[in-house]
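**Student:** Quick one: this structure, given as C-alpha cells, is what I'll be asking you about.
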Amino acid sequence: VSLTSPADLLLGIDIGATKIAAGIAAGDGRIRDRLVVPTPRHDPDRLVEEVAALVERLRRGAAGPAAIGVGACGRVKTASGEVNTSLALGWRHPVALRARLAARTGCPVFLDNDVNAGALGEHRWGAARDLADVVYVSVGTGIGAGILIGGRLYRGAGGAAGEVGHMVVDADGPPCPCGNRGCLEVLASGQAVGATASAAIAGGAASPALEALARDGTAITARDVFAAASGGDAYARGLVQRTGEWLAVAVVNLVNLFDPQRVVLGGGLTHTGDLLVAAVRDALGRRAGWLATDPKVLVPAALGPDTGVAGAAAVALDALRTQA
Ligand SMILES: [Zn+2]
C-alpha cells in the first residue's frame, strides 16, 4: 500500500472498554488526526455507528481509505471477522464486526484482538521491528499478550493464544473470575493494583498520601499508585515492586516457553514512565540472572499510547501483505 493519495489512507481504530481511538497511520506508523470518543458499551449497533462516524471524519470526503484496521478488546475470530464475546464491551454474543463495518463504510476492514494488534504494531514499527520471535505483553486494566513466531502471530487452535493474564503465577493465590487461582491478571493488572491499594487504604496500611487521595471519595487507580511511586511514596513503591515481581515470574515463564528475541512490555501501566519496566528488570535480576544480563530481552513498547491505533493499522497492513 502506498500512502500518497487520500484514497490510499490507512486508518487504525482501537476499540477499548472505555474509549475508541482512531487515526490515520503514516507509512512509518506515526499517527495523525487522532480522534477519541467514548465507547458505547453493551450496544454493537451504536458502536458500529460511532466507528463509521470516525471513519467519515478522518477521510473527509475522500474516496478511501485503502483499508481500515480494527483492534478490539475481546475474543476475536480473525477468519470470520467476528468478536466472539467481549466482557470489556459487554457483548455476550458474537458480533460480525468486520462485515458490519465493511458494509457501513464501503472499505476493506481487517479485525484482530487489540493486544495482537499491539504486537503487530511493535513488530512493524516499534521495539520489535524486523524481529521474528517476539512476545508483546500488554499490562493495562487487564493483561494479555501477542505472540509472534517466525514473524507471524501465533493464535492457537481457538484464537485464544496469548491469554497470559490467566497464566498462573501463584498456585495458591487469590481467586480469578476465570475459575482458577493466582492468575497474573488478579495480581499484576491495573485493576489489581488499584484494588490492592484501595484495600490497603481501607485497612489503614497504605501511605497518608494515598489515604488523602481516597478521602474525597474517588476510587484509587493504578495511575494514582504509579504517580505516588514516582513521587517517592514508600507504600506505592512497594506495590509497584510487587507488581514487577509477578510480571517477572510471567516473563521468565514466557521466555522459557518461547525463547523470544525480545519481550516487549506495553499497555496503560507503562505509559506513565519507566517505573514498571524497571521493577520487572529488578525482579528478573534476582530471579533469572541469565536472562537479566541481556538488556534487549525486556524492552518497553516504543509506540507508547499510540500502540492501539498504530497496531490496528498494522493489522490491515499485515492482512493486505498476506493477501498479496
Ligand atoms: Zn484467571
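FYI, nothing fancy with the C-alpha cells labels: chains A, B, ... in order, residues from 1 per chain, ligands from 1 as they appear.
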List as a Markdown table every residue of chain A that is in contact with ligand 1, defined as an atom at most 9 Å from one of its atoms (using only C-alpha atoms and all ligand atoms), together with the nearest atom pair and the distance in Å rounded to one decimal, sorted by chain and then rising number.
**Tutor:**
```
| residue | atom | partner | partner_atom_place_in_ligand_line | distance |
| --- | --- | --- | --- | --- |
| A:Val164 | CA | ligand 1 | 1 (Zn) | 9.0 |
| A:Gly165 | CA | ligand 1 | 1 (Zn) | 6.6 |
| A:His166 | CA | ligand 1 | 1 (Zn) | 4.0 |
| A:Met167 | CA | ligand 1 | 1 (Zn) | 7.1 |
| A:Val168 | CA | ligand 1 | 1 (Zn) | 7.5 |
| A:Pro175 | CA | ligand 1 | 1 (Zn) | 7.7 |
| A:Cys176 | CA | ligand 1 | 1 (Zn) | 4.6 |
| A:Pro177 | CA | ligand 1 | 1 (Zn) | 6.0 |
| A:Cys178 | CA | ligand 1 | 1 (Zn) | 4.3 |
| A:Gly179 | CA | ligand 1 | 1 (Zn) | 6.3 |
| A:Asn180 | CA | ligand 1 | 1 (Zn) | 5.3 |
| A:Arg181 | CA | ligand 1 | 1 (Zn) | 6.6 |
| A:Gly182 | CA | ligand 1 | 1 (Zn) | 7.3 |
| A:Cys183 | CA | ligand 1 | 1 (Zn) | 4.6 |
| A:Leu184 | CA | ligand 1 | 1 (Zn) | 7.4 |
| A:Glu185 | CA | ligand 1 | 1 (Zn) | 6.7 |
| A:Val186 | CA | ligand 1 | 1 (Zn) | 7.2 |
```
**Student:** Can you check which residues of region 132-278 of chain A DSSP gives as strand (DSSP E or B) on the backbone and send them as a tab-separated table (two decimals) with N, CA, C and O atoms, in the first residue's frame?
**Tutor:**
```
chain	number	residue	atom	x	y	z
A	134	VAL	N	8.84	-12.86	19.00
A	134	VAL	CA	8.60	-11.76	19.92
A	134	VAL	C	7.37	-12.07	20.78
A	134	VAL	O	6.40	-12.65	20.30
A	135	VAL	N	7.44	-11.71	22.05
A	135	VAL	CA	6.25	-11.73	22.89
A	135	VAL	C	5.97	-10.30	23.34
A	135	VAL	O	6.85	-9.64	23.91
A	136	TYR	N	4.79	-9.81	23.02
A	136	TYR	CA	4.38	-8.48	23.45
A	136	TYR	C	3.37	-8.65	24.58
A	136	TYR	O	2.35	-9.30	24.41
A	137	VAL	N	3.69	-8.10	25.74
A	137	VAL	CA	2.80	-8.21	26.90
A	137	VAL	C	2.21	-6.84	27.19
A	137	VAL	O	2.95	-5.87	27.37
A	138	SER	N	0.90	-6.77	27.19
A	138	SER	CA	0.21	-5.52	27.47
A	138	SER	C	-0.35	-5.55	28.89
A	138	SER	O	-1.14	-6.42	29.23
A	139	VAL	N	0.10	-4.59	29.71
A	139	VAL	CA	-0.37	-4.51	31.08
A	139	VAL	C	-1.18	-3.23	31.22
A	139	VAL	O	-0.64	-2.13	31.26
A	143	ILE	N	-4.53	-7.94	31.44
A	143	ILE	CA	-3.22	-8.31	30.90
A	143	ILE	C	-3.41	-9.31	29.76
A	143	ILE	O	-4.19	-10.25	29.89
A	144	GLY	N	-2.74	-9.07	28.67
A	144	GLY	CA	-2.79	-10.01	27.55
A	144	GLY	C	-1.45	-10.00	26.83
A	144	GLY	O	-0.59	-9.16	27.11
A	145	ALA	N	-1.28	-10.92	25.90
A	145	ALA	CA	-0.05	-10.94	25.13
A	145	ALA	C	-0.34	-11.28	23.68
A	145	ALA	O	-1.32	-11.94	23.37
A	146	GLY	N	0.52	-10.79	22.81
A	146	GLY	CA	0.52	-11.18	21.41
A	146	GLY	C	1.84	-11.88	21.14
A	146	GLY	O	2.89	-11.37	21.53
A	147	ILE	N	1.78	-13.05	20.54
A	147	ILE	CA	2.98	-13.86	20.35
A	147	ILE	C	3.28	-13.98	18.87
A	147	ILE	O	2.43	-14.41	18.08
A	148	LEU	N	4.48	-13.57	18.48
A	148	LEU	CA	4.91	-13.71	17.09
A	148	LEU	C	5.95	-14.82	17.01
A	148	LEU	O	6.95	-14.80	17.73
A	149	ILE	N	5.69	-15.79	16.17
A	149	ILE	CA	6.64	-16.87	15.92
A	149	ILE	C	7.00	-16.83	14.44
A	149	ILE	O	6.11	-16.88	13.59
A	152	ARG	N	5.11	-14.23	12.42
A	152	ARG	CA	3.65	-14.31	12.28
A	152	ARG	C	3.01	-14.48	13.64
A	152	ARG	O	3.55	-15.13	14.52
A	153	LEU	N	1.82	-13.91	13.77
A	153	LEU	CA	1.09	-14.07	15.02
A	153	LEU	C	0.73	-15.53	15.24
A	153	LEU	O	0.25	-16.20	14.33
A	168	VAL	N	-1.03	-18.88	35.53
A	168	VAL	CA	-0.95	-18.94	36.99
A	168	VAL	C	0.48	-18.64	37.43
A	168	VAL	O	1.42	-19.29	36.99
A	175	PRO	N	-8.54	-15.93	44.11
A	175	PRO	CA	-9.36	-16.46	43.03
A	175	PRO	C	-9.50	-15.47	41.88
A	175	PRO	O	-9.47	-14.26	42.08
A	181	ARG	N	-7.00	-19.92	40.31
A	181	ARG	CA	-6.43	-19.09	41.37
A	181	ARG	C	-5.07	-18.57	40.96
A	181	ARG	O	-4.33	-19.23	40.25
A	183	CYS	N	-4.01	-16.17	39.03
A	183	CYS	CA	-3.71	-15.75	37.66
A	183	CYS	C	-2.97	-14.40	37.71
A	183	CYS	O	-3.22	-13.56	38.58
A	262	ARG	N	12.91	-10.98	21.90
A	262	ARG	CA	12.57	-9.82	22.71
A	262	ARG	C	11.21	-10.00	23.36
A	262	ARG	O	10.30	-10.55	22.75
A	263	VAL	N	11.10	-9.51	24.60
A	263	VAL	CA	9.80	-9.38	25.25
A	263	VAL	C	9.52	-7.89	25.34
A	263	VAL	O	10.34	-7.13	25.90
A	264	VAL	N	8.44	-7.45	24.76
A	264	VAL	CA	8.09	-6.03	24.76
A	264	VAL	C	6.97	-5.80	25.77
A	264	VAL	O	5.95	-6.49	25.73
A	265	LEU	N	7.18	-4.86	26.67
A	265	LEU	CA	6.18	-4.58	27.69
A	265	LEU	C	5.46	-3.27	27.36
A	265	LEU	O	6.10	-2.22	27.27
A	266	GLY	N	4.15	-3.35	27.13
A	266	GLY	CA	3.38	-2.16	26.81
A	266	GLY	C	2.09	-2.12	27.62
A	266	GLY	O	1.95	-2.81	28.62
```
**Student:** If we count only C-alpha atoms and set the cut-off at 9 Å, which residues sit around region 291-308 of chain A, ignoring sequence neighbours fewer than 3 positions away in its own chain? Please answer as a ChimeraX atom specification.
**Tutor:** /A:12-16,21-22,29-31,71,114-115,117-119,121-122,125-128,136,251-252,255,260-268,270-271,274,277,280-288,311-313
**Student:** I'd like the neighbourhood of Asp130 (chain A) as a list in words, where a residue qualifies if any of its atoms comes within 8 Å (using only C-alpha atoms), though same-chain residues fewer than 4 positions away should be ignored.
**Tutor:**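 Skipping anything fewer than 4 positions along the chain leaves His123, Arg124 and Gly151 of chain A.
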**Student:** Can you write just those residues out, all heavy atoms, as an mmCIF file, in the first residue's frame?
**Tutor:**
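Result written to again34.cif:
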```
data_model
loop_
_atom_site.group_PDB
_atom_site.id
_atom_site.type_symbol
_atom_site.label_atom_id
_atom_site.label_comp_id
_atom_site.auth_asym_id
_atom_site.auth_seq_id
_atom_site.Cartn_x
_atom_site.Cartn_y
_atom_site.Cartn_z
ATOM 1 N N HIS A 123 5.947 -4.864 16.132
ATOM 2 C CA HIS A 123 6.763 -5.654 15.204
ATOM 3 C C HIS A 123 7.056 -4.859 13.935
ATOM 4 O O HIS A 123 8.151 -4.882 13.395
ATOM 5 C CB HIS A 123 6.010 -6.946 14.862
ATOM 6 C CG HIS A 123 6.713 -7.814 13.879
ATOM 7 N ND1 HIS A 123 6.222 -8.060 12.621
ATOM 8 C CD2 HIS A 123 7.879 -8.486 13.953
ATOM 9 C CE1 HIS A 123 7.060 -8.854 11.966
ATOM 10 N NE2 HIS A 123 8.061 -9.129 12.752
ATOM 11 N N ARG A 124 6.081 -4.130 13.453
ATOM 12 C CA ARG A 124 6.265 -3.396 12.204
ATOM 13 C C ARG A 124 7.023 -2.082 12.396
ATOM 14 O O ARG A 124 7.887 -1.720 11.598
ATOM 15 C CB ARG A 124 4.902 -3.108 11.566
ATOM 16 C CG ARG A 124 5.006 -2.375 10.231
ATOM 17 C CD ARG A 124 3.688 -2.408 9.508
ATOM 18 N NE ARG A 124 3.444 -3.678 8.861
ATOM 19 C CZ ARG A 124 3.806 -3.966 7.612
ATOM 20 N NH1 ARG A 124 4.442 -3.068 6.885
ATOM 21 N NH2 ARG A 124 3.535 -5.122 7.089
ATOM 22 N N GLY A 151 7.826 -14.365 12.745
ATOM 23 C CA GLY A 151 7.281 -13.153 12.139
ATOM 24 C C GLY A 151 5.772 -13.165 11.955
ATOM 25 O O GLY A 151 5.201 -12.235 11.390
#
```
**Student:** If you measure from CA of Ala310 (chain A) to CA of Asp33 (chain A), what distance in Å do you get, rounded to one decimal?
**Tutor:**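 Spanning CA of Ala310 (chain A) to CA of Asp33 (chain A) is a straight-line distance of 12.3 Å.
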**Student:** Show me, as a PyMOL selection string, the residues that have an atom within 6 Å of region 218-224 of chain A when counting only C-alpha atoms, minus same-chain residues fewer than 6 positions from it.
**Tutor:** chain A and resi 190+193-194+198
**Student:** I need the residues from that last selection saved to file as a PDB file, in the first residue's frame (with N, CA, C and O atoms), if you can.
**Tutor:**
```
ATOM      1  N   GLY A 190      -3.706  -3.472  36.095  1.00  0.00           N
ATOM      2  CA  GLY A 190      -4.054  -2.159  36.612  1.00  0.00           C
ATOM      3  C   GLY A 190      -5.199  -2.254  37.613  1.00  0.00           C
ATOM      4  O   GLY A 190      -5.201  -1.589  38.656  1.00  0.00           O
ATOM      5  N   VAL A 193      -3.828  -3.623  40.872  1.00  0.00           N
ATOM      6  CA  VAL A 193      -3.041  -2.623  41.602  1.00  0.00           C
ATOM      7  C   VAL A 193      -3.979  -1.641  42.312  1.00  0.00           C
ATOM      8  O   VAL A 193      -3.803  -1.326  43.492  1.00  0.00           O
ATOM      9  N   GLY A 194      -5.017  -1.175  41.589  1.00  0.00           N
ATOM     10  CA  GLY A 194      -5.982  -0.256  42.192  1.00  0.00           C
ATOM     11  C   GLY A 194      -6.712  -0.901  43.360  1.00  0.00           C
ATOM     12  O   GLY A 194      -6.889  -0.280  44.422  1.00  0.00           O
ATOM     13  N   SER A 198      -6.603   0.134  47.282  1.00  0.00           N
ATOM     14  CA  SER A 198      -7.847   0.503  47.960  1.00  0.00           C
ATOM     15  C   SER A 198      -8.034  -0.303  49.236  1.00  0.00           C
ATOM     16  O   SER A 198      -8.450   0.232  50.270  1.00  0.00           O
TER      17      SER A 198
END
```
**Student:** Among region 22-259 of chain A, which ones does DSSP place in helix (DSSP H, G or I), written as an MDAnalysis selection string?
**Tutor:** chainID A and resid 44:59 97:105 114:125 164:166 184:188 190:202 208:215 222:230 234:258
**Student:** Expressed in Å to a single decimal, how great is the separation between CA of Arg59 (chain A) and CA of Ala96 (chain A)?
**Tutor:** 23.3 Å
**Student:** Quick one: distance from CA of Trp91 (chain A) to CA of Ala192 (chain A) in Å, one decimal?
**Tutor:**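 Separation between CA of Trp91 (chain A) and CA of Ala192 (chain A): 22.8 Å.
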**Student:** Tell me, as a VMD selection string, which residues lie within 9 Å of Thr243 (chain A), counting only C-alpha atoms; anything in the same chain fewer than 5 positions away does not count.
**Tutor:** chain A and resid 187 to 189 193 238 248 276 279 to 280
**Student:** Which residue out of A:Glu163, A:Asp112, A:Asp233, A:Glu49 has the minimum interatomic distance to Ala79 (chain A) when only C-alpha atoms are used?
**Tutor:** A:Asp112
**Student:** Here is a test: counting only C-alpha atoms, which residue of A:Val249, A:Leu101, A:Ala157, A:Lys77 is nearest to Asp45 (chain A)?
**Tutor:** A:Leu101
**Student:** Would you pick out the contacts of region 102-108 of chain A at 10 Å or less, using only C-alpha atoms, so that residues sharing its chain but fewer than 2 positions from it are not included, and give the list as an NGL selection string?
**Tutor:** :A and (48-49 or 51-53 or 55-56 or 63-69 or 97-100 or 110 or 316 or 320)
**Student:** Quick one: of A:Ile201, A:Leu210, A:Ala229, A:Ala236, who's nearest to Thr272 (chain A), counting only C-alpha atoms?
**Tutor:**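 Smallest separation from Thr272 (chain A) among the options: A:Ala229.
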**Student:** Considering only C-alpha atoms, state which residue in the set A:Gly142, A:Pro174, A:Gly90, A:Gly61 is at the smallest distance from Pro40 (chain A).
**Tutor:**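 Selected residue with least distance to Pro40 (chain A): A:Gly90.
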